[in-house]
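Asker: This is the structure, below, for whatever I ask next.
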Amino acid sequence: MSLVRLEILRLMRTSRWLILGAVYVAFGLVGPLAARYMKELLDVAGGDMEGVVIEFPDPVPADGIIQYVNNAVQVGVLVTVIVAAGALAFDSIAEMGVFLRTRVGNVWRILAPRLAVPFLAASGAFTLGALAAWYETAVLLGSLDAGAVTLGIALGILFLAFVVAVVAVVAQWARTMVATIMTSLVVLISLPIIGIADVVGRWLPTRLGGALADLVGDATAGDYAGPAVVAFASLPLLIWLAVAGARRRET
Amino acid sequence: MISTTSLTKRYRDTVALDDVGLHVAPGSIYGLAGPNGAGKTTLLGILAGLRRPTSGEVSLDAESGEVAVLPDTPRFDPWLTGREVVVLAQSLVAPDLDRADEVLADTGLTDDARRRVGGYSRGMLQRLGIAATLVGKPRLVLLDEPASALDPGGRREVLDLIARLRGSATVLFSSHILADVQEVCDTVGILDRGRLLFEGPLKDLLVGSAVPRYVVHVRGEAEPVAARLRQTSWVVSVECESEGVLILEVASVAKAESSLARALADAKAIVASYAPEEVSLERAFLELTGGRKR
């Protein structure tokens, strides 16, 4: 049994793949439906609004993807952080860390599959959800620019790589898995707050999470060049920090 | 096989290891005994490369893949089966070997090998840990309290397993169960409050450290005999342990062997039996550590 197979078993036997897939695909299926039938849904749910009239513009194809991204990114990132922390915080139970560390000379061999498998699972689920949303949008609301959707999915995957790399760093410095999850979320939530200052915000990798929604609207690829470059550049740095943290750690 | 020089480990103000010089010969079974908090786990952690010493040097005559470590309470991903744990351990250290079923049988886990580890008892986890430790045929085995969680039958199996490693691997195991150390080990180290108080062959510890004592069984009143013996120059002390039983601490075994019979006769004792007290590791340990409880 290899360490890659160990991580695949972790995903399968703990049903984490199912949770990831369910979150993204469910939002992928529900998003375009919600966009198409929002007015009808509110009419049914709202009843008598005491004279208040809510008028919705007619839905456009971009709304289907926007609904998917708005819902899936937040919950999806939360689930991705939990899944990644479950794999990357391998020292949170010291005896399990000892099992690996005393058998694998280089911690990179331990970390690599724990980075790759959760990342691939999260990106696969995100892509499946996006494809489901794209298909349903085409059926219910009209066609989308394939180039924009493809680029948006690619940038979303890059964002998930950044998320997993952040968790990898935190996991090597935090003591417990809960601390890893909470600290990672704080870091990921703090970045957009820092990004309120536009001069910083336009470079932040966290912007990539919403790229798919913006690109099917009126944004251009150039709008995301900065965050994409920063995300690409930060990945090796984050992974280096994670490896350095794992090497210095005592169990 | 293992040599440390002036090994010291501090956790802020706490000295966990203080100037430890450990020497473990190749092929030996070395028992590291000490009370809780003596520094045994810290020392094993440093030898295993899991912790860094504050100062001092460690020399191991084994590559990292040839060293196997078993923590005191081994834990594994609960969704793996016992066999998968052992196969994983084997694939990481000795992918060319095929010993998983053999070591599972040796540790009595064949029937449970395909069950998930989450349902294992603590004793089964301990035996699984030993199986995962031995599957790669390591040259150096570091065991932290390997039998502490086991029932008497399980302890016997584990001690037999360790004894069978003699000659094929070097074993360093820590234990606070002195009977285990005394039974299996040929060399002993006594660690207390981070300091290595004794290191050497077990027989040297039993003979060299403990004050020589004799057990004398007499008929009738023991106290008058004890009072007379106390006046003898080479008798250090005499205690009436129970009715008719005297414990004599003597200055030297040789003197006692040559003079005890006459001294008892002079005391008009009716002697049922007398013999040197068999020194246990526990007694030697308590004398070395000043009577600190384990």
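Starting from 1 in every chain, residues are counted up; chains themselves are A, B, ... following the order of the structure tokens, and ligands are numbered from 1 as listed.
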Using only C-alpha atoms, find each residue in chain B having at least one atom no more than 7 Å away from chain A; report its shortest atom-to-atom pair and that distance in Å (one decimal), rows by chain then rising number, as a Markdown table.
Answerer:
```
| residue | atom | partner | partner_atom | distance |
| --- | --- | --- | --- | --- |
| B:Ala48 | CA | A:Thr102 | CA | 6.9 |
| B:Leu50 | CA | A:Glu250 | CA | 5.6 |
| B:Arg51 | CA | A:Glu250 | CA | 5.0 |
| B:Ser64 | CA | A:Gly105 | CA | 6.6 |
| B:Gly65 | CA | A:Arg103 | CA | 6.3 |
| B:Ala68 | CA | A:Thr102 | CA | 6.8 |
| B:Val69 | CA | A:Thr102 | CA | 6.6 |
| B:Pro71 | CA | A:Glu95 | CA | 6.4 |
| B:Pro74 | CA | A:Glu95 | CA | 5.6 |
| B:Arg75 | CA | A:Glu95 | CA | 5.6 |
| B:Phe76 | CA | A:Met96 | CA | 5.8 |
| B:Trp79 | CA | A:Arg13 | CA | 6.5 |
| B:Val87 | CA | A:Met1 | CA | 6.3 |
| B:Leu88 | CA | A:Met1 | CA | 5.0 |
| B:Ser91 | CA | A:Met1 | CA | 6.1 |
| B:Leu92 | CA | A:Arg103 | CA | 6.0 |
| B:Val93 | CA | A:Arg103 | CA | 5.9 |
```
Asker: Run DSSP on the backbone and tell me which residues of segment 3-251 of chain A come out as alpha helix (DSSP H); list them as number ranges by chain.
Answerer: A: 3-13, 16-46, 61-88, 94-101, 107-140, 146-173, 177-194, 198-201, 211-215, 225-248
Asker: Which one is closest to Lys203 of chain B: B:Ala284, B:Val271, B:Ala169, B:Leu32? Count only C-alpha atoms.
Answerer: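 Checking each of B:Ala284, B:Val271, B:Ala169, B:Leu32 against Lys203 of chain B, counting only C-alpha atoms, the winner is B:Ala284.
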Asker: List as a ChimeraX atom specification the protein and nucleic acid residues near Thr183 of chain A, meaning an atom at most 9 Å away when only C-alpha atoms are counted, but skip any in the same chain fewer than 4 places from it.
Answerer: /A:167,170,174,178-179,187-188
Asker: Give me, as number ranges by chain, all polymer residues having an atom no more than 8 Å from Ile153 of chain A, counting only C-alpha atoms and skipping those fewer than 2 positions away in the same chain.
Answerer: A: 126-127, 130, 149-151, 155-157, 212
Asker: Ranking A:Ala125, A:Ala72, A:Ile66, A:Arg109 by minimum distance to Ile19 of chain A and counting only C-alpha atoms, which one comes first?
Answerer: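 The shortest atom-to-atom distance to Ile19 of chain A comes from A:Ala125.
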Asker: Have a look at atom CA of Ile194 of chain A and atom CA of Leu208 of chain A and let me know their distance in Å, one decimal.
Answerer: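 Going from atom CA of Ile194 of chain A over to atom CA of Leu208 of chain A, I get 15.1 Å.
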Asker: Identify, on the basis of only C-alpha atoms, every residue whose closest approach to segment 256-259 of chain B does not exceed 8 Å; exclude the query and any residue fewer than 5 positions from it along the same chain; express the result as a ChimeraX atom specification.
Answerer: /B:234,250-251
Asker: Suppose we keep N, CA and C atoms; can you now write the selection as a short mmCIF file (atom, residue, chain, number, x, y, z; two decimals), in the first residue's frame?
Answerer:
```
data_model
loop_
_atom_site.label_atom_id
_atom_site.label_comp_id
_atom_site.auth_asym_id
_atom_site.auth_seq_id
_atom_site.Cartn_x
_atom_site.Cartn_y
_atom_site.Cartn_z
N TRP B 234 30.23 -6.77 61.62
CA TRP B 234 29.96 -6.77 60.18
C TRP B 234 28.47 -6.79 59.84
N VAL B 250 24.33 -6.89 55.70
CA VAL B 250 25.69 -7.19 56.13
C VAL B 250 26.69 -6.33 55.36
N ALA B 251 27.84 -6.15 55.95
CA ALA B 251 28.86 -5.30 55.32
C ALA B 251 29.41 -5.95 54.07
#
```
